[in-house]
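> Contents of my_file-v9.txt (compact mmCIF, N, CA and C atoms) are given next:
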# COMPACT_ATOMS: atom_id res chain seq x y z
N GLU R 15 91.48 106.62 94.76
CA GLU R 15 91.91 105.74 95.83
C GLU R 15 93.15 104.95 95.44
N ALA R 16 93.17 104.40 94.24
CA ALA R 16 94.32 103.60 93.80
C ALA R 16 95.55 104.47 93.59
N GLY R 17 95.35 105.71 93.15
CA GLY R 17 96.48 106.60 92.88
C GLY R 17 97.37 106.79 94.09
N LYS R 18 96.78 106.90 95.26
CA LYS R 18 97.55 107.07 96.49
C LYS R 18 98.48 105.88 96.71
N GLU R 19 97.99 104.68 96.45
CA GLU R 19 98.80 103.47 96.65
C GLU R 19 99.92 103.37 95.62
N PHE R 20 99.64 103.78 94.38
CA PHE R 20 100.70 103.77 93.37
C PHE R 20 101.80 104.74 93.77
N ASN R 21 101.44 105.92 94.26
CA ASN R 21 102.43 106.90 94.68
C ASN R 21 103.25 106.43 95.87
N ALA R 22 102.67 105.58 96.71
CA ALA R 22 103.35 105.12 97.92
C ALA R 22 104.26 103.92 97.66
N SER R 23 104.36 103.46 96.42
CA SER R 23 105.16 102.29 96.09
C SER R 23 106.51 102.72 95.52
N PRO R 24 107.59 102.56 96.29
CA PRO R 24 108.91 102.97 95.80
C PRO R 24 109.31 102.16 94.57
N GLY R 25 109.88 102.86 93.60
CA GLY R 25 110.38 102.19 92.40
C GLY R 25 109.32 101.84 91.38
N LEU R 26 108.07 102.20 91.61
CA LEU R 26 107.00 101.89 90.67
C LEU R 26 106.97 102.93 89.56
N GLU R 27 106.89 102.46 88.32
CA GLU R 27 106.71 103.35 87.18
C GLU R 27 105.55 102.83 86.36
N LEU R 28 104.57 103.68 86.13
CA LEU R 28 103.44 103.32 85.27
C LEU R 28 103.89 103.37 83.82
N GLN R 29 103.53 102.35 83.06
CA GLN R 29 103.88 102.30 81.64
C GLN R 29 102.67 102.62 80.76
N ARG R 30 101.52 101.99 81.05
CA ARG R 30 100.31 102.22 80.27
C ARG R 30 99.09 102.07 81.16
N LEU R 31 98.06 102.84 80.87
CA LEU R 31 96.77 102.73 81.53
C LEU R 31 95.69 102.61 80.45
N SER R 32 94.70 101.77 80.71
CA SER R 32 93.59 101.61 79.78
C SER R 32 92.34 101.34 80.61
N TYR R 33 91.27 102.09 80.34
CA TYR R 33 90.02 101.90 81.06
C TYR R 33 88.94 101.50 80.08
N ARG R 34 88.28 100.36 80.35
CA ARG R 34 87.21 99.89 79.48
C ARG R 34 86.28 98.98 80.26
N ASP R 35 85.00 99.14 80.03
CA ASP R 35 83.99 98.28 80.64
C ASP R 35 84.11 98.19 82.16
N GLY R 36 84.40 99.32 82.79
CA GLY R 36 84.45 99.36 84.24
C GLY R 36 85.70 98.78 84.88
N GLN R 37 86.71 98.52 84.07
CA GLN R 37 87.96 98.00 84.66
C GLN R 37 89.16 98.76 84.12
N LEU R 38 90.15 98.90 84.97
CA LEU R 38 91.37 99.62 84.65
C LEU R 38 92.49 98.60 84.45
N ASP R 39 93.11 98.61 83.27
CA ASP R 39 94.28 97.77 83.01
C ASP R 39 95.50 98.65 83.17
N VAL R 40 96.46 98.17 83.96
CA VAL R 40 97.65 98.94 84.28
C VAL R 40 98.88 98.12 83.94
N ALA R 41 99.79 98.67 83.14
CA ALA R 41 101.09 98.08 82.89
C ALA R 41 102.10 98.91 83.67
N LEU R 42 102.97 98.24 84.42
CA LEU R 42 103.91 98.96 85.28
C LEU R 42 105.20 98.17 85.43
N THR R 43 106.21 98.86 85.92
CA THR R 43 107.42 98.19 86.40
C THR R 43 107.57 98.55 87.87
N ILE R 44 108.13 97.60 88.62
CA ILE R 44 108.30 97.78 90.07
C ILE R 44 109.54 97.00 90.49
N GLY R 45 110.09 97.34 91.63
CA GLY R 45 111.38 96.81 92.06
C GLY R 45 111.49 95.30 92.17
N ASP R 46 110.47 94.64 92.71
CA ASP R 46 110.54 93.18 92.85
C ASP R 46 109.14 92.61 93.10
N LEU R 47 109.04 91.30 93.11
CA LEU R 47 107.73 90.64 93.28
C LEU R 47 107.10 90.94 94.63
N GLN R 48 107.90 91.08 95.68
CA GLN R 48 107.36 91.39 97.00
C GLN R 48 106.68 92.76 96.99
N ARG R 49 107.29 93.74 96.33
CA ARG R 49 106.66 95.07 96.25
C ARG R 49 105.36 95.01 95.45
N LEU R 50 105.33 94.17 94.40
CA LEU R 50 104.11 94.00 93.62
C LEU R 50 103.01 93.40 94.49
N ASP R 51 103.35 92.37 95.26
CA ASP R 51 102.37 91.75 96.15
C ASP R 51 101.89 92.74 97.22
N ASP R 52 102.82 93.53 97.76
CA ASP R 52 102.45 94.56 98.75
C ASP R 52 101.48 95.57 98.15
N LEU R 53 101.73 95.98 96.90
CA LEU R 53 100.84 96.92 96.22
C LEU R 53 99.45 96.32 96.08
N LYS R 54 99.37 95.07 95.65
CA LYS R 54 98.07 94.42 95.50
C LYS R 54 97.33 94.38 96.84
N GLN R 55 98.03 94.03 97.91
CA GLN R 55 97.40 93.96 99.23
C GLN R 55 96.87 95.32 99.66
N ARG R 56 97.65 96.38 99.44
CA ARG R 56 97.20 97.72 99.83
C ARG R 56 95.99 98.16 99.01
N LEU R 57 95.97 97.82 97.72
CA LEU R 57 94.85 98.21 96.86
C LEU R 57 93.56 97.51 97.26
N THR R 58 93.65 96.29 97.74
CA THR R 58 92.45 95.51 98.05
C THR R 58 92.02 95.58 99.51
N GLN R 59 92.84 96.14 100.40
CA GLN R 59 92.53 96.08 101.83
C GLN R 59 91.28 96.84 102.21
N SER R 60 90.87 97.85 101.43
CA SER R 60 89.65 98.58 101.77
C SER R 60 88.40 97.78 101.43
N GLY R 61 88.55 96.74 100.61
CA GLY R 61 87.40 95.96 100.18
C GLY R 61 86.63 96.59 99.03
N LYS R 62 87.10 97.75 98.55
CA LYS R 62 86.40 98.45 97.47
C LYS R 62 86.91 98.07 96.09
N LEU R 63 88.12 97.52 96.02
CA LEU R 63 88.72 97.18 94.74
C LEU R 63 89.06 95.70 94.68
N HIS R 64 88.95 95.14 93.46
CA HIS R 64 89.40 93.78 93.20
C HIS R 64 90.56 93.90 92.22
N VAL R 65 91.69 93.27 92.54
CA VAL R 65 92.89 93.38 91.71
C VAL R 65 93.35 91.99 91.28
N ASP R 66 93.51 91.80 89.97
CA ASP R 66 94.09 90.58 89.43
C ASP R 66 95.44 90.92 88.83
N ILE R 67 96.46 90.15 89.17
CA ILE R 67 97.75 90.29 88.50
C ILE R 67 97.66 89.43 87.24
N GLN R 68 97.62 90.08 86.09
CA GLN R 68 97.49 89.38 84.81
C GLN R 68 98.80 88.72 84.40
N SER R 69 99.91 89.39 84.67
CA SER R 69 101.23 88.84 84.36
C SER R 69 102.27 89.56 85.18
N ALA R 70 103.38 88.88 85.43
CA ALA R 70 104.52 89.49 86.12
C ALA R 70 105.77 88.72 85.70
N SER R 71 106.78 89.43 85.24
CA SER R 71 108.02 88.77 84.85
C SER R 71 109.21 89.66 85.18
N ALA R 72 110.25 89.03 85.69
CA ALA R 72 111.47 89.76 86.03
C ALA R 72 112.22 90.11 84.75
N GLN R 73 112.60 91.37 84.64
CA GLN R 73 113.38 91.87 83.51
C GLN R 73 114.56 92.64 84.08
N GLY R 74 115.70 91.98 84.22
CA GLY R 74 116.85 92.64 84.82
C GLY R 74 116.59 92.91 86.29
N SER R 75 116.68 94.18 86.68
CA SER R 75 116.53 94.54 88.09
C SER R 75 115.11 94.96 88.46
N VAL R 76 114.14 94.80 87.54
CA VAL R 76 112.77 95.18 87.82
C VAL R 76 111.81 94.07 87.41
N VAL R 77 110.58 94.21 87.86
CA VAL R 77 109.51 93.30 87.46
C VAL R 77 108.53 94.08 86.59
N GLU R 78 108.23 93.53 85.41
CA GLU R 78 107.20 94.10 84.55
C GLU R 78 105.91 93.38 84.87
N ALA R 79 104.84 94.13 85.11
CA ALA R 79 103.59 93.51 85.52
C ALA R 79 102.41 94.19 84.84
N ARG R 80 101.32 93.42 84.71
CA ARG R 80 100.06 93.96 84.24
C ARG R 80 99.00 93.62 85.28
N LEU R 81 98.26 94.64 85.70
CA LEU R 81 97.19 94.48 86.69
C LEU R 81 95.86 94.83 86.06
N ARG R 82 94.80 94.18 86.52
CA ARG R 82 93.42 94.55 86.16
C ARG R 82 92.71 94.91 87.46
N ILE R 83 92.20 96.13 87.52
CA ILE R 83 91.57 96.65 88.74
C ILE R 83 90.11 96.94 88.45
N LYS R 84 89.24 96.40 89.31
CA LYS R 84 87.80 96.62 89.16
C LYS R 84 87.24 96.99 90.52
N GLY R 85 86.17 97.76 90.52
CA GLY R 85 85.44 98.03 91.75
C GLY R 85 84.68 96.78 92.18
N GLN R 86 84.60 96.55 93.48
CA GLN R 86 83.84 95.41 93.99
C GLN R 86 82.35 95.68 93.82
N ALA R 87 81.61 94.69 93.43
CA ALA R 87 80.16 94.82 93.31
C ALA R 87 79.55 95.00 94.68
N SER R 88 78.56 95.85 94.78
CA SER R 88 77.92 96.11 96.07
C SER R 88 76.92 95.03 96.40
Can the structure from this file be put into structure tokens for me?

Amino acid sequence: EAGKEFNASPGLELQRLSYRDGQLDVALTIGDLQRLDDLKQRLTQSGKLHVDIQSASAQGSVVEARLRIKGQAS
């Protein structure tokens, strides 16, 4: 489900993925903070995923960010 949203985000590049204890940590670069916020909204709109932005910082013309993605408890 999340993969579709990552593919639909222009300028997004995945840097690292780590899965542990039921959560996915994602390091990525993306064009700007608005695109990062849009990605978070799209990932959470189904109500199936919970996304925390762990960090985000502008580096030149891109934003480096770390996300933590977990499934919502039923």
> So, counting only N, CA and C atoms, which residue among R:Glu27, R:Lys54, R:Ser32, R:Val65 is closest to Gly85 of chain R?
R:Val65
> Using only C-alpha atoms, pick whichever of R:Gly17, R:Pro24, R:Ala87, R:Ser69 has the shortest atom-to-atom distance to Asp52 of chain R.
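Of R:Gly17, R:Pro24, R:Ala87, R:Ser69, the one nearest Asp52 of chain R, counting only C-alpha atoms, is R:Pro24.
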> Using only C-alpha atoms, determine which residues lie at most 6 Å from Ile83 of chain R, disregarding the query and same-chain residues fewer than 4 positions distant; provide the list as an mmCIF file with N, CA and C atoms, keeping the file's coordinate frame.

data_model
loop_
_atom_site.group_PDB
_atom_site.id
_atom_site.type_symbol
_atom_site.label_atom_id
_atom_site.label_comp_id
_atom_site.auth_asym_id
_atom_site.auth_seq_id
_atom_site.Cartn_x
_atom_site.Cartn_y
_atom_site.Cartn_z
ATOM 1 N N GLN R 37 86.710 98.520 84.070
ATOM 2 C CA GLN R 37 87.960 98.000 84.660
ATOM 3 C C GLN R 37 89.160 98.760 84.120
ATOM 4 N N LEU R 38 90.150 98.900 84.970
ATOM 5 C CA LEU R 38 91.370 99.620 84.650
ATOM 6 C C LEU R 38 92.490 98.600 84.450
ATOM 7 N N HIS R 64 88.950 95.140 93.460
ATOM 8 C CA HIS R 64 89.400 93.780 93.200
ATOM 9 C C HIS R 64 90.560 93.900 92.220
ATOM 10 N N VAL R 65 91.690 93.270 92.540
ATOM 11 C CA VAL R 65 92.890 93.380 91.710
ATOM 12 C C VAL R 65 93.350 91.990 91.280
#
> Provide the atom N of Gln59 of chain R to atom N of Val77 of chain R distance in Å, to one decimal place.
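Calculated distance between atom N of Gln59 of chain R and atom N of Val77 of chain R is 21.8 Å.
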> Which one is closest to Ala16 of chain R: R:Arg56, R:Gly61, R:Ala79, R:Gln29? Count only N, CA and C atoms.
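Checking each candidate against Ala16 of chain R, we get R:Arg56 as the closest.
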> Find the distance between atom N of Asp51 of chain R and atom C of Glu19 of chain R and write it in Å to one decimal.
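Pair atom N of Asp51 of chain R / atom C of Glu19 of chain R returns 11.5 Å.
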> Can you work out the spacing between atom CA of Ile44 of chain R and atom CA of Val76 of chain R in Å, to one decimal?
5.6 Å
> Among chain R, which ones does DSSP assign to alpha helix (DSSP H) (computed from the backbone)? Answer as a list in words.
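Reading the DSSP output for chain R, alpha helix (DSSP H) covers Ala16, Gly17, Lys18, Glu19, Phe20, Asn21, Leu47, Gln48, Arg49, Leu50, Asp51, Asp52, Leu53, Lys54, Gln55, Arg56, Leu57 and Thr58 of chain R.
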> Please identify all polymer residues within 10 Å of Leu31 of chain R, counting only C-alpha atoms, omitting same-chain residues fewer than 6 positions from it, and present them as a PyMOL selection string.
chain R and resi 38-42+80-82
> So that I have them on file, write out the residues from the current selection with N, CA and C atoms, as a PDB file, in the coordinates of the input.

ATOM      1  N   LEU R  38      90.150  98.900  84.970  1.00  0.00           N
ATOM      2  CA  LEU R  38      91.370  99.620  84.650  1.00  0.00           C
ATOM      3  C   LEU R  38      92.490  98.600  84.450  1.00  0.00           C
ATOM      4  N   ASP R  39      93.110  98.610  83.270  1.00  0.00           N
ATOM      5  CA  ASP R  39      94.280  97.770  83.010  1.00  0.00           C
ATOM      6  C   ASP R  39      95.500  98.650  83.170  1.00  0.00           C
ATOM      7  N   VAL R  40      96.460  98.170  83.960  1.00  0.00           N
ATOM      8  CA  VAL R  40      97.650  98.940  84.280  1.00  0.00           C
ATOM      9  C   VAL R  40      98.880  98.120  83.940  1.00  0.00           C
ATOM     10  N   ALA R  41      99.790  98.670  83.140  1.00  0.00           N
ATOM     11  CA  ALA R  41     101.090  98.080  82.890  1.00  0.00           C
ATOM     12  C   ALA R  41     102.100  98.910  83.670  1.00  0.00           C
ATOM     13  N   LEU R  42     102.970  98.240  84.420  1.00  0.00           N
ATOM     14  CA  LEU R  42     103.910  98.960  85.280  1.00  0.00           C
ATOM     15  C   LEU R  42     105.200  98.170  85.430  1.00  0.00           C
ATOM     16  N   ARG R  80     101.320  93.420  84.710  1.00  0.00           N
ATOM     17  CA  ARG R  80     100.060  93.960  84.240  1.00  0.00           C
ATOM     18  C   ARG R  80      99.000  93.620  85.280  1.00  0.00           C
ATOM     19  N   LEU R  81      98.260  94.640  85.700  1.00  0.00           N
ATOM     20  CA  LEU R  81      97.190  94.480  86.690  1.00  0.00           C
ATOM     21  C   LEU R  81      95.860  94.830  86.060  1.00  0.00           C
ATOM     22  N   ARG R  82      94.800  94.180  86.520  1.00  0.00           N
ATOM     23  CA  ARG R  82      93.420  94.550  86.160  1.00  0.00           C
ATOM     24  C   ARG R  82      92.710  94.910  87.460  1.00  0.00           C
TER      25      ARG R  82
END
> Counting all atoms listed in the file, figure out which residue out of R:Gln68, R:Gln86, R:Gln73, R:Ser23 gets nearest to Arg49 of chain R.
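Nearest to Arg49 of chain R: R:Ser23.
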> Which residue out of R:Lys84, R:Leu47, R:Glu78, R:Gly25 has the minimum interatomic distance to Leu63 of chain R when all atoms listed in the file are used?
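Looking only at the distances to Leu63 of chain R, the closest residue turns out to be R:Lys84.
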> Put segment 59-85 of chain R into a file with N, CA and C atoms, as a compact mmCIF listing (two decimals), in the first residue's frame.

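Output saved as part-v6.txt:
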# COMPACT_ATOMS: atom_id res chain seq x y z
N GLN R 59 -4.36 8.50 4.75
CA GLN R 59 -5.77 8.75 4.44
C GLN R 59 -6.64 7.50 4.47
N SER R 60 -6.05 6.32 4.25
CA SER R 60 -6.86 5.09 4.30
C SER R 60 -7.21 4.70 5.73
N GLY R 61 -6.50 5.27 6.71
CA GLY R 61 -6.73 4.90 8.10
C GLY R 61 -6.02 3.62 8.50
N LYS R 62 -5.28 3.00 7.57
CA LYS R 62 -4.60 1.74 7.86
C LYS R 62 -3.17 1.94 8.36
N LEU R 63 -2.59 3.10 8.09
CA LEU R 63 -1.21 3.36 8.47
C LEU R 63 -1.12 4.58 9.37
N HIS R 64 -0.15 4.54 10.29
CA HIS R 64 0.18 5.68 11.13
C HIS R 64 1.60 6.10 10.73
N VAL R 65 1.79 7.38 10.42
CA VAL R 65 3.09 7.87 9.95
C VAL R 65 3.57 8.99 10.86
N ASP R 66 4.78 8.85 11.39
CA ASP R 66 5.44 9.92 12.15
C ASP R 66 6.62 10.41 11.34
N ILE R 67 6.73 11.72 11.19
CA ILE R 67 7.93 12.30 10.60
C ILE R 67 8.93 12.45 11.74
N GLN R 68 9.98 11.65 11.72
CA GLN R 68 10.99 11.66 12.78
C GLN R 68 11.91 12.87 12.66
N SER R 69 12.24 13.24 11.43
CA SER R 69 13.08 14.41 11.19
C SER R 69 12.90 14.86 9.75
N ALA R 70 13.14 16.13 9.52
CA ALA R 70 13.12 16.69 8.16
C ALA R 70 14.01 17.93 8.16
N SER R 71 14.95 17.99 7.23
CA SER R 71 15.82 19.15 7.14
C SER R 71 16.15 19.44 5.68
N ALA R 72 16.14 20.72 5.35
CA ALA R 72 16.46 21.15 3.99
C ALA R 72 17.97 21.04 3.78
N GLN R 73 18.34 20.40 2.69
CA GLN R 73 19.74 20.26 2.29
C GLN R 73 19.85 20.69 0.84
N GLY R 74 20.20 21.94 0.61
CA GLY R 74 20.27 22.44 -0.76
C GLY R 74 18.87 22.51 -1.35
N SER R 75 18.67 21.82 -2.47
CA SER R 75 17.38 21.89 -3.17
C SER R 75 16.44 20.76 -2.79
N VAL R 76 16.78 19.95 -1.78
CA VAL R 76 15.93 18.84 -1.37
C VAL R 76 15.76 18.84 0.14
N VAL R 77 14.79 18.05 0.59
CA VAL R 77 14.57 17.84 2.02
C VAL R 77 14.95 16.40 2.34
N GLU R 78 15.80 16.22 3.34
CA GLU R 78 16.12 14.89 3.84
C GLU R 78 15.19 14.61 5.00
N ALA R 79 14.53 13.45 4.97
CA ALA R 79 13.54 13.15 6.00
C ALA R 79 13.65 11.69 6.43
N ARG R 80 13.19 11.45 7.66
CA ARG R 80 13.06 10.10 8.18
C ARG R 80 11.62 9.92 8.65
N LEU R 81 10.98 8.86 8.18
CA LEU R 81 9.60 8.54 8.54
C LEU R 81 9.57 7.22 9.29
N ARG R 82 8.62 7.08 10.20
CA ARG R 82 8.32 5.80 10.86
C ARG R 82 6.88 5.46 10.53
N ILE R 83 6.68 4.30 9.91
CA ILE R 83 5.36 3.89 9.44
C ILE R 83 4.95 2.62 10.18
N LYS R 84 3.75 2.66 10.76
CA LYS R 84 3.22 1.50 11.48
C LYS R 84 1.79 1.27 11.02
N GLY R 85 1.36 0.02 11.09
CA GLY R 85 -0.04 -0.29 10.86
C GLY R 85 -0.88 0.18 12.04
